[in-house]
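Pasting target_11.tsv here (TSV, C-alpha atoms):
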chain	number	residue	atom	x	y	z
P	9	MET	CA	-1.85	22.30	4.23
P	10	ASP	CA	-2.02	26.04	4.89
P	11	SER	CA	-0.14	25.48	8.17
P	12	MET	CA	2.97	24.46	6.20
P	13	LYS	CA	3.18	27.62	4.12
P	14	ASN	CA	5.03	29.55	6.83
P	15	LEU	CA	7.27	26.62	7.83
P	16	PHE	CA	9.21	26.16	4.60
P	17	PRO	CA	10.80	29.03	2.64
P	18	GLU	CA	10.79	29.20	-1.14
P	19	ASN	CA	14.49	28.35	-1.15
P	20	LEU	CA	14.58	25.11	0.81
P	21	TYR	CA	17.42	24.08	3.11
P	22	HIS	CA	19.15	20.82	2.22
P	23	SER	CA	18.06	18.91	5.34
P	24	TYR	CA	15.02	19.25	7.59
P	25	LEU	CA	14.25	17.56	10.87
P	26	ILE	CA	10.48	17.67	11.37
P	27	GLU	CA	9.08	16.93	14.81
P	28	GLY	CA	5.55	15.59	14.36
P	29	ASP	CA	3.43	12.53	13.67
P	30	PRO	CA	5.02	10.70	10.70
P	31	ILE	CA	1.81	8.98	9.56
P	32	SER	CA	-0.09	12.22	8.99
P	33	THR	CA	2.83	14.56	8.23
P	34	VAL	CA	4.63	12.64	5.45
P	35	PRO	CA	1.74	12.59	2.91
P	36	LEU	CA	0.77	16.18	3.74
P	37	LEU	CA	4.34	17.35	3.21
P	38	LEU	CA	4.58	15.59	-0.15
P	39	GLU	CA	1.26	17.08	-1.26
P	40	PHE	CA	2.42	20.53	-0.15
P	41	LEU	CA	5.65	20.27	-2.16
P	42	GLU	CA	3.69	19.07	-5.20
P	43	GLN	CA	1.22	21.96	-4.95
P	44	ARG	CA	4.11	24.38	-4.63
P	45	ASP	CA	5.61	22.83	-7.78
P	46	ASP	CA	8.86	21.85	-6.10
P	47	VAL	CA	8.30	18.32	-7.42
P	48	GLY	CA	6.06	16.67	-9.97
P	49	LYS	CA	3.66	13.84	-9.18
P	50	ASN	CA	4.99	10.30	-9.70
P	51	ASN	CA	8.46	11.75	-10.16
P	52	SER	CA	11.32	9.22	-9.98
P	53	ASP	CA	13.42	11.86	-8.19
P	54	ILE	CA	11.17	11.50	-5.13
P	55	LEU	CA	11.72	9.02	-2.31
P	56	CYS	CA	8.80	9.13	0.13
P	57	GLN	CA	8.30	6.40	2.70
P	58	ASN	CA	7.04	5.79	6.23
P	59	PHE	CA	8.68	3.28	8.56
P	60	ASP	CA	7.59	1.91	11.90
P	61	SER	CA	11.24	1.48	12.84
P	62	PHE	CA	14.02	2.85	10.61
P	63	THR	CA	17.12	0.65	10.85
P	64	ILE	CA	20.50	0.30	9.17
P	65	ALA	CA	18.91	-2.16	6.71
P	66	ASP	CA	16.73	0.68	5.37
P	67	THR	CA	19.49	3.23	4.81
P	68	PRO	CA	20.62	1.99	1.34
P	69	LEU	CA	17.36	3.48	-0.01
P	70	ILE	CA	18.49	6.95	1.00
P	71	LYS	CA	22.09	6.44	-0.04
P	72	ASP	CA	20.88	5.35	-3.49
P	73	TRP	CA	18.59	8.40	-3.74
P	74	ASN	CA	21.42	10.69	-2.67
P	75	SER	CA	23.95	9.25	-5.11
P	76	LYS	CA	21.83	9.52	-8.27
P	77	ARG	CA	21.54	12.60	-10.45
P	78	GLY	CA	18.08	14.09	-10.81
P	79	ILE	CA	16.16	13.17	-13.95
P	80	SER	CA	13.71	16.07	-14.01
P	81	GLU	CA	14.38	19.81	-13.82
P	82	LYS	CA	12.61	19.98	-10.48
P	83	LYS	CA	14.01	19.27	-7.01
P	84	LYS	CA	15.14	15.88	-5.73
P	85	ILE	CA	13.11	15.18	-2.60
P	86	CYS	CA	13.50	12.51	0.10
P	87	ILE	CA	10.84	12.32	2.83
P	88	ILE	CA	11.36	9.67	5.48
P	89	GLY	CA	8.96	9.24	8.40
P	90	ALA	CA	9.68	6.96	11.34
P	91	LYS	CA	8.36	6.39	14.84
P	92	PHE	CA	11.82	5.26	15.87
P	93	ILE	CA	15.37	5.37	14.44
P	94	ASN	CA	18.19	3.31	15.89
P	95	ARG	CA	21.73	4.59	16.38
P	96	GLU	CA	23.28	2.65	13.47
P	97	ALA	CA	20.75	4.16	11.08
P	98	GLU	CA	21.36	7.63	12.50
P	99	GLN	CA	25.09	7.35	11.81
P	100	SER	CA	24.36	6.35	8.21
P	101	LEU	CA	21.87	9.20	7.78
P	102	LEU	CA	24.44	11.63	9.11
P	103	LYS	CA	26.77	10.84	6.21
P	104	VAL	CA	24.02	11.78	3.73
P	105	ILE	CA	23.26	14.99	5.63
P	106	GLU	CA	26.95	15.92	5.68
P	107	GLU	CA	27.22	15.49	1.88
P	108	PRO	CA	24.48	17.76	0.47
P	109	LYS	CA	23.90	17.63	-3.27
P	110	ILE	CA	22.70	20.56	-5.38
P	111	ASN	CA	18.91	20.80	-5.65
P	112	SER	CA	18.42	17.84	-3.26
P	113	HIS	CA	16.39	18.08	-0.06
P	114	LEU	CA	16.00	15.60	2.77
P	115	PHE	CA	13.06	15.67	5.22
P	116	LEU	CA	13.21	13.44	8.29
P	117	VAL	CA	9.92	13.23	10.21
P	118	ILE	CA	10.06	11.85	13.75
P	119	PRO	CA	7.80	12.37	16.80
P	120	ASN	CA	10.58	13.54	19.12
P	121	ALA	CA	13.65	15.18	17.65
P	122	SER	CA	15.45	15.40	21.00
P	123	VAL	CA	16.31	11.68	20.93
P	124	LEU	CA	18.49	12.03	17.82
P	125	LEU	CA	22.24	12.50	17.71
P	126	ASP	CA	23.38	16.07	18.39
P	127	THR	CA	25.36	15.98	15.15
P	128	ILE	CA	22.14	15.39	13.18
P	129	LYS	CA	20.27	18.12	15.04
P	130	SER	CA	23.08	20.63	14.47
P	131	ARG	CA	23.15	19.99	10.71
P	132	THR	CA	19.41	20.13	10.01
P	133	HIS	CA	16.75	22.80	10.15
P	134	LEU	CA	14.20	21.95	12.87
P	135	VAL	CA	10.47	22.35	12.21
P	136	ARG	CA	7.90	21.49	14.87
P	137	ILE	CA	4.38	20.38	14.01
P	138	LEU	CA	1.77	19.84	16.74
P	139	ASN	CA	1.89	16.32	18.16
P	140	ASN	CA	-1.19	15.38	20.19
P	141	GLU	CA	0.38	12.20	21.60
P	142	ALA	CA	2.62	14.11	24.02
P	143	SER	CA	-0.10	14.66	26.65
P	144	SER	CA	-0.80	10.92	26.96
P	145	PHE	CA	2.85	10.19	27.76
P	146	LYS	CA	2.87	12.91	30.40
P	147	LYS	CA	-0.14	11.28	32.07
P	148	ILE	CA	1.48	7.81	32.00
P	149	SER	CA	4.75	9.16	33.41
P	150	ASN	CA	3.02	11.07	36.20
P	151	ASN	CA	1.12	7.93	37.19
P	152	PHE	CA	4.33	5.91	36.98
P	153	LEU	CA	5.93	8.10	39.65
P	154	LYS	CA	2.90	8.09	41.94
P	155	VAL	CA	2.25	4.37	42.20
P	156	PRO	CA	4.35	1.67	43.97
P	157	VAL	CA	6.47	-0.85	42.08
P	158	ASN	CA	3.55	-3.24	41.48
P	159	GLY	CA	1.57	-0.41	39.92
P	160	ARG	CA	4.49	0.50	37.67
P	161	LEU	CA	4.82	-3.09	36.52
P	162	GLU	CA	1.11	-3.08	35.70
P	163	ILE	CA	1.57	0.05	33.56
P	164	ILE	CA	4.41	-1.69	31.70
P	165	ALA	CA	2.34	-4.86	31.29
P	166	ASP	CA	-0.51	-2.79	29.82
P	167	LEU	CA	1.88	-1.11	27.38
P	168	MET	CA	3.30	-4.46	26.31
P	169	ASP	CA	-0.19	-5.94	25.95
P	170	LYS	CA	-1.20	-3.11	23.60
P	171	ASN	CA	1.87	-3.93	21.50
P	172	LYS	CA	1.78	-7.73	21.92
P	173	ASN	CA	1.85	-8.31	18.16
P	174	SER	CA	4.85	-6.05	17.66
P	175	GLU	CA	7.03	-6.34	20.76
P	176	ASN	CA	10.15	-5.16	18.95
P	177	SER	CA	8.41	-2.51	16.86
P	178	GLY	CA	9.52	1.06	16.37
P	179	ASN	CA	6.20	2.27	17.75
P	180	LEU	CA	6.75	0.45	21.05
P	181	ARG	CA	10.30	1.80	21.31
P	182	PHE	CA	8.99	5.27	20.53
P	183	GLN	CA	6.38	5.02	23.29
P	184	ALA	CA	8.92	3.69	25.79
P	185	THR	CA	11.40	6.45	24.89
P	186	GLU	CA	8.73	9.12	25.32
P	187	ILE	CA	7.89	7.77	28.79
P	188	VAL	CA	11.58	7.73	29.75
P	189	ASN	CA	12.01	11.29	28.43
P	190	GLU	CA	9.07	12.53	30.48
P	191	LEU	CA	10.29	10.70	33.60
P	192	GLU	CA	13.66	12.35	33.08
P	193	ARG	CA	12.05	15.78	32.75
P	194	LEU	CA	10.07	15.30	35.97
P	195	SER	CA	13.13	13.98	37.81
P	196	TYR	CA	15.25	16.89	36.61
P	197	GLU	CA	12.66	19.36	37.93
P	198	LYS	CA	13.09	17.69	41.32
P	199	PHE	CA	16.88	17.70	40.96
P	200	LYS	CA	16.95	21.47	40.36
P	201	THR	CA	15.51	22.03	43.84
P	202	ASN	CA	18.28	19.98	45.47
P	203	LYS	CA	21.34	19.31	43.32
P	204	LEU	CA	23.03	17.42	46.15
P	205	ASP	CA	20.34	14.72	46.16
P	206	LYS	CA	22.29	11.55	45.31
P	207	ASP	CA	19.12	9.49	44.79
P	208	THR	CA	17.83	11.81	42.06
P	209	GLN	CA	21.28	11.95	40.46
P	210	PHE	CA	21.25	8.15	40.31
P	211	ILE	CA	17.74	8.10	38.79
P	212	LEU	CA	18.77	10.60	36.09
P	213	GLU	CA	21.78	8.43	35.20
P	214	GLU	CA	19.60	5.31	34.96
P	215	LEU	CA	17.08	7.09	32.73
P	216	LYS	CA	19.90	8.30	30.47
P	217	LYS	CA	21.16	4.70	30.17
P	218	ALA	CA	17.61	3.45	29.48
P	219	ARG	CA	17.20	5.85	26.56
P	220	MET	CA	20.53	4.69	25.12
P	221	TYR	CA	19.56	1.01	25.49
P	222	LEU	CA	16.19	1.65	23.82
P	223	SER	CA	18.03	2.81	20.70
P	224	THR	CA	20.03	-0.43	20.60
P	225	PRO	CA	18.70	-3.05	18.15
P	226	GLY	CA	17.46	-6.19	19.90
P	227	ALA	CA	17.42	-4.70	23.42
P	228	SER	CA	14.30	-5.77	25.36
P	229	VAL	CA	11.91	-2.83	25.88
P	230	LYS	CA	10.11	-4.74	28.65
P	231	MET	CA	13.31	-5.43	30.61
P	232	ILE	CA	14.51	-1.83	30.27
P	233	LEU	CA	11.22	-0.43	31.57
P	234	GLU	CA	11.00	-2.99	34.36
P	235	HIS	CA	14.49	-1.98	35.51
P	236	ILE	CA	13.39	1.65	35.61
P	237	ALA	CA	10.29	0.65	37.58
P	238	LEU	CA	12.53	-0.90	40.25
P	239	VAL	CA	15.14	1.86	40.58
P	240	ILE	CA	13.25	5.11	40.10

The structure in this file should be written as structure tokens.
Amino acid sequence: MDSMKNLFPENLYHSYLIEGDPISTVPLLLEFLEQRDDVGKNNSDILCQNFDSFTIADTPLIKDWNSKRGISEKKKICIIGAKFINREAEQSLLKVIEEPKINSHLFLVIPNASVLLDTIKSRTHLVRILNNEASSFKKISNNFLKVPVNGRLEIIADLMDKNKNSENSGNLRFQATEIVNELERLSYEKFKTNKLDKDTQFILEELKKARMYLSTPGASVKMILEHIALVI
């Protein structure tokens, strides 16, 4: 709780993009705002919810919150946490962010802010909170590059097995996106040493496409990762 004191000024911005673990950050943020007396407990002006995957079907909640006048004299607060947000939902969120209301504040908590639309990132205030999951994705991605195709397919099979009860979940898409992001970072480091390397240029393009496909509703995470395993 004390760690948040220096992250949020007394006069809050309208929209925040918080990079951190949604499960732990969302309740802590709400408690912090209550202790600071920005909002009252059990206040109808508060929308606070965690999603595994935030989709276009969930956006009416925020639109409804944004359209209503506040009942209390305190701030209107919306805190949304999500492991993954698809592109359609991002476009809908952008409209809310672009139409700020007086005394209303939106907090979007996501593990990796870099995957969001540039237009959202440019219109929100970014706050980073330590995320301990990052190191595990670095390890997976490093192993992915070191092993042959069969080994990569085994890594994918293990990931799918751990998510076998939620194969289209936001958490799985988040994990896959983090792996793709780290593979892209490692490939770009290689590319910087030889910018004429056509093979690395091709790999970077394929990873960029994979990240885009992962944000598309209904796209198969397994097929996207298996394609990367074959071409990288």

Under the rule that only C-alpha atoms are counted, which of P:Met12, P:Leu25, P:Met231, P:Ile64 is the nearest residue to Leu134 (chain P)?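 When distances to Leu134 (chain P) are compared using only C-alpha atoms, the smallest one comes from P:Leu25.
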
Report, in Å to a single decimal, how far apart CA of Glu106 (chain P) and CA of Ile85 (chain P) are.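 These two atoms are separated by 16.1 Å.
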
Using all atoms listed in the file, which residue out of P:Glu18, P:Glu27, P:Glu81, P:Glu234 lies closest to Val123 (chain P)?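 Comparing P:Glu18, P:Glu27, P:Glu81, P:Glu234 against Val123 (chain P), the winner is P:Glu27.
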
Around the point (6.8, 10.9, 13.4) (coordinates from the file), which residues reach within 9 Å if we count all atoms listed in the file? Answer as a PyMOL selection string. chain P and resi 26-34+58+89-92+116-120+139

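Between Phe182 (chain P) and the candidates P:Ile232, P:Leu222, P:Leu101, P:Leu37, the tightest atom-to-atom separation, counting all atoms listed in the file, involves P:Leu222.
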
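Take the candidates P:Lys76, P:Lys83, P:Lys71, P:Arg160 and check each one against Lys49 (chain P) using all atoms listed in the file; the shortest distance goes to P:Lys83.
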
Within 12 Å of Gln209 (chain P), counting all atoms listed in the file, which residues show up once you throw out same-chain ones fewer than 4 positions away? Write them as a PDB file with C-alpha atoms, in the coordinates of the input, please.
ATOM      1  CA  GLU P 192      13.660  12.350  33.080  1.00  0.00           C
ATOM      2  CA  SER P 195      13.130  13.980  37.810  1.00  0.00           C
ATOM      3  CA  TYR P 196      15.250  16.890  36.610  1.00  0.00           C
ATOM      4  CA  GLU P 197      12.660  19.360  37.930  1.00  0.00           C
ATOM      5  CA  LYS P 198      13.090  17.690  41.320  1.00  0.00           C
ATOM      6  CA  PHE P 199      16.880  17.700  40.960  1.00  0.00           C
ATOM      7  CA  LYS P 200      16.950  21.470  40.360  1.00  0.00           C
ATOM      8  CA  ASN P 202      18.280  19.980  45.470  1.00  0.00           C
ATOM      9  CA  LYS P 203      21.340  19.310  43.320  1.00  0.00           C
ATOM     10  CA  LEU P 204      23.030  17.420  46.150  1.00  0.00           C
ATOM     11  CA  ASP P 205      20.340  14.720  46.160  1.00  0.00           C
ATOM     12  CA  GLU P 213      21.780   8.430  35.200  1.00  0.00           C
ATOM     13  CA  GLU P 214      19.600   5.310  34.960  1.00  0.00           C
ATOM     14  CA  LEU P 215      17.080   7.090  32.730  1.00  0.00           C
ATOM     15  CA  LYS P 216      19.900   8.300  30.470  1.00  0.00           C
ATOM     16  CA  VAL P 239      15.140   1.860  40.580  1.00  0.00           C
ATOM     17  CA  ILE P 240      13.250   5.110  40.100  1.00  0.00           C
TER      18      ILE P 240
END

Distance in Å - CA of Lys154 (chain P) versus CA of Val188 (chain P): 15.0 Å

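Shortest atom-to-atom contact with Cys56 (chain P) among P:Arg193, P:Arg95, P:Lys172, P:His113: P:His113, counting only C-alpha atoms.
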
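Distance-wise, CA of Ile187 (chain P) and CA of Tyr24 (chain P) end up 25.1 Å apart.
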
Judged by only C-alpha atoms, the minimum distance to His235 (chain P) among P:Asn111, P:Leu161, P:Leu194, P:Pro156 is found for P:Leu161

Selection: 12 Å around Glu42 (chain P), all atoms listed in the file, excl. self and same-chain fewer than 4 positions, as a list in words: Met9, Pro35, Leu36, Leu37, Leu38, Asp46, Val47, Gly48, Lys49, Asn50, Asn51, Ile54, Lys82, Lys83, Lys84 and Ile85 of chain P

Just to be explicit: take each residue in the selection above, keep C-alpha atoms, and write the result as a PDB file, keeping the file's coordinate frame.
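After the write, part11.pdb holds the following:
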ATOM      1  CA  MET P   9      -1.850  22.300   4.230  1.00  0.00           C
ATOM      2  CA  PRO P  35       1.740  12.590   2.910  1.00  0.00           C
ATOM      3  CA  LEU P  36       0.770  16.180   3.740  1.00  0.00           C
ATOM      4  CA  LEU P  37       4.340  17.350   3.210  1.00  0.00           C
ATOM      5  CA  LEU P  38       4.580  15.590  -0.150  1.00  0.00           C
ATOM      6  CA  ASP P  46       8.860  21.850  -6.100  1.00  0.00           C
ATOM      7  CA  VAL P  47       8.300  18.320  -7.420  1.00  0.00           C
ATOM      8  CA  GLY P  48       6.060  16.670  -9.970  1.00  0.00           C
ATOM      9  CA  LYS P  49       3.660  13.840  -9.180  1.00  0.00           C
ATOM     10  CA  ASN P  50       4.990  10.300  -9.700  1.00  0.00           C
ATOM     11  CA  ASN P  51       8.460  11.750 -10.160  1.00  0.00           C
ATOM     12  CA  ILE P  54      11.170  11.500  -5.130  1.00  0.00           C
ATOM     13  CA  LYS P  82      12.610  19.980 -10.480  1.00  0.00           C
ATOM     14  CA  LYS P  83      14.010  19.270  -7.010  1.00  0.00           C
ATOM     15  CA  LYS P  84      15.140  15.880  -5.730  1.00  0.00           C
ATOM     16  CA  ILE P  85      13.110  15.180  -2.600  1.00  0.00           C
TER      17      ILE P  85
END

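Around Leu102 (chain P), within 9 Å and counting only C-alpha atoms, the residues found are P:Ala97, P:Glu98, P:Gln99, P:Ser100, P:Val104, P:Ile105, P:Glu106, P:Glu107, P:Leu125, P:Thr127, P:Ile128, P:Arg131, once anything fewer than 2 positions away on its own chain is removed.
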
Student task, region 170-195 of chain P output with N, CA, C and O atoms as a tab-separated table (two decimals), in the first residue's frame:
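Writing the result to result05.tsv gives the following:
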chain	number	residue	atom	x	y	z
P	170	LYS	N	-0.96	-26.84	-19.64
P	170	LYS	CA	-1.19	-26.09	-18.41
P	170	LYS	C	-2.46	-25.24	-18.51
P	170	LYS	O	-3.00	-24.83	-17.49
P	171	ASN	N	-2.91	-24.99	-19.73
P	171	ASN	CA	-4.12	-24.20	-19.94
P	171	ASN	C	-5.21	-25.01	-20.64
P	171	ASN	O	-6.06	-24.45	-21.33
P	172	LYS	N	-5.18	-26.34	-20.44
P	172	LYS	CA	-6.09	-27.22	-21.20
P	172	LYS	C	-7.56	-26.98	-20.89
P	172	LYS	O	-8.42	-27.30	-21.71
P	173	ASN	N	-7.85	-26.41	-19.73
P	173	ASN	CA	-9.25	-26.13	-19.39
P	173	ASN	C	-9.69	-24.74	-19.81
P	173	ASN	O	-10.83	-24.34	-19.57
P	174	SER	N	-8.77	-24.00	-20.41
P	174	SER	CA	-9.10	-22.63	-20.82
P	174	SER	C	-8.28	-22.25	-22.05
P	174	SER	O	-7.50	-21.32	-22.04
P	175	GLU	N	-8.45	-23.03	-23.12
P	175	GLU	CA	-7.60	-22.88	-24.31
P	175	GLU	C	-7.83	-21.57	-25.07
P	175	GLU	O	-7.02	-21.20	-25.91
P	176	ASN	N	-8.91	-20.89	-24.79
P	176	ASN	CA	-9.13	-19.59	-25.44
P	176	ASN	C	-9.16	-18.47	-24.41
P	176	ASN	O	-9.75	-17.42	-24.62
P	177	SER	N	-8.52	-18.71	-23.27
P	177	SER	CA	-8.58	-17.76	-22.17
P	177	SER	C	-7.66	-16.56	-22.39
P	177	SER	O	-6.69	-16.62	-23.16
P	178	GLY	N	-7.95	-15.48	-21.67
P	178	GLY	CA	-7.09	-14.31	-21.73
P	178	GLY	C	-5.73	-14.60	-21.15
P	178	GLY	O	-4.72	-14.06	-21.61
P	179	ASN	N	-5.67	-15.45	-20.13
P	179	ASN	CA	-4.39	-15.77	-19.50
P	179	ASN	C	-3.47	-16.48	-20.48
P	179	ASN	O	-2.26	-16.20	-20.55
P	180	LEU	N	-4.01	-17.42	-21.26
P	180	LEU	CA	-3.19	-18.12	-22.26
P	180	LEU	C	-2.71	-17.14	-23.33
P	180	LEU	O	-1.54	-17.16	-23.73
P	181	ARG	N	-3.59	-16.27	-23.79
P	181	ARG	CA	-3.20	-15.29	-24.81
P	181	ARG	C	-2.16	-14.31	-24.25
P	181	ARG	O	-1.23	-13.91	-24.96
P	182	PHE	N	-2.31	-13.98	-22.98
P	182	PHE	CA	-1.31	-13.12	-22.34
P	182	PHE	C	0.05	-13.82	-22.32
P	182	PHE	O	1.08	-13.23	-22.69
P	183	GLN	N	0.08	-15.08	-21.90
P	183	GLN	CA	1.34	-15.82	-21.84
P	183	GLN	C	1.98	-15.95	-23.23
P	183	GLN	O	3.19	-15.74	-23.39
P	184	ALA	N	1.16	-16.26	-24.22
P	184	ALA	CA	1.67	-16.40	-25.59
P	184	ALA	C	2.21	-15.08	-26.11
P	184	ALA	O	3.27	-15.03	-26.76
P	185	THR	N	1.51	-13.99	-25.81
P	185	THR	CA	1.96	-12.66	-26.26
P	185	THR	C	3.27	-12.27	-25.59
P	185	THR	O	4.16	-11.70	-26.23
P	186	GLU	N	3.42	-12.61	-24.31
P	186	GLU	CA	4.66	-12.30	-23.61
P	186	GLU	C	5.84	-13.07	-24.21
P	186	GLU	O	6.94	-12.54	-24.34
P	187	ILE	N	5.59	-14.32	-24.58
P	187	ILE	CA	6.65	-15.12	-25.21
P	187	ILE	C	7.03	-14.52	-26.56
P	187	ILE	O	8.22	-14.38	-26.89
P	188	VAL	N	6.02	-14.14	-27.36
P	188	VAL	CA	6.28	-13.52	-28.66
P	188	VAL	C	7.04	-12.21	-28.48
P	188	VAL	O	7.99	-11.91	-29.22
P	189	ASN	N	6.65	-11.41	-27.50
P	189	ASN	CA	7.34	-10.14	-27.24
P	189	ASN	C	8.81	-10.35	-26.90
P	189	ASN	O	9.69	-9.62	-27.37
P	190	GLU	N	9.08	-11.36	-26.07
P	190	GLU	CA	10.46	-11.63	-25.67
P	190	GLU	C	11.26	-12.19	-26.85
P	190	GLU	O	12.43	-11.84	-27.03
P	191	LEU	N	10.64	-13.04	-27.65
P	191	LEU	CA	11.32	-13.55	-28.85
P	191	LEU	C	11.64	-12.39	-29.80
P	191	LEU	O	12.71	-12.37	-30.42
P	192	GLU	N	10.73	-11.45	-29.90
P	192	GLU	CA	10.96	-10.28	-30.75
P	192	GLU	C	12.13	-9.44	-30.21
P	192	GLU	O	12.97	-8.96	-30.99
P	193	ARG	N	12.17	-9.27	-28.90
P	193	ARG	CA	13.26	-8.49	-28.30
P	193	ARG	C	14.61	-9.14	-28.58
P	193	ARG	O	15.57	-8.47	-28.97
P	194	LEU	N	14.68	-10.46	-28.39
P	194	LEU	CA	15.93	-11.19	-28.63
P	194	LEU	C	16.33	-11.15	-30.10
P	194	LEU	O	17.51	-11.00	-30.43
P	195	SER	N	15.33	-11.27	-30.97
P	195	SER	CA	15.61	-11.23	-32.42
P	195	SER	C	16.07	-9.84	-32.85
P	195	SER	O	16.94	-9.70	-33.71
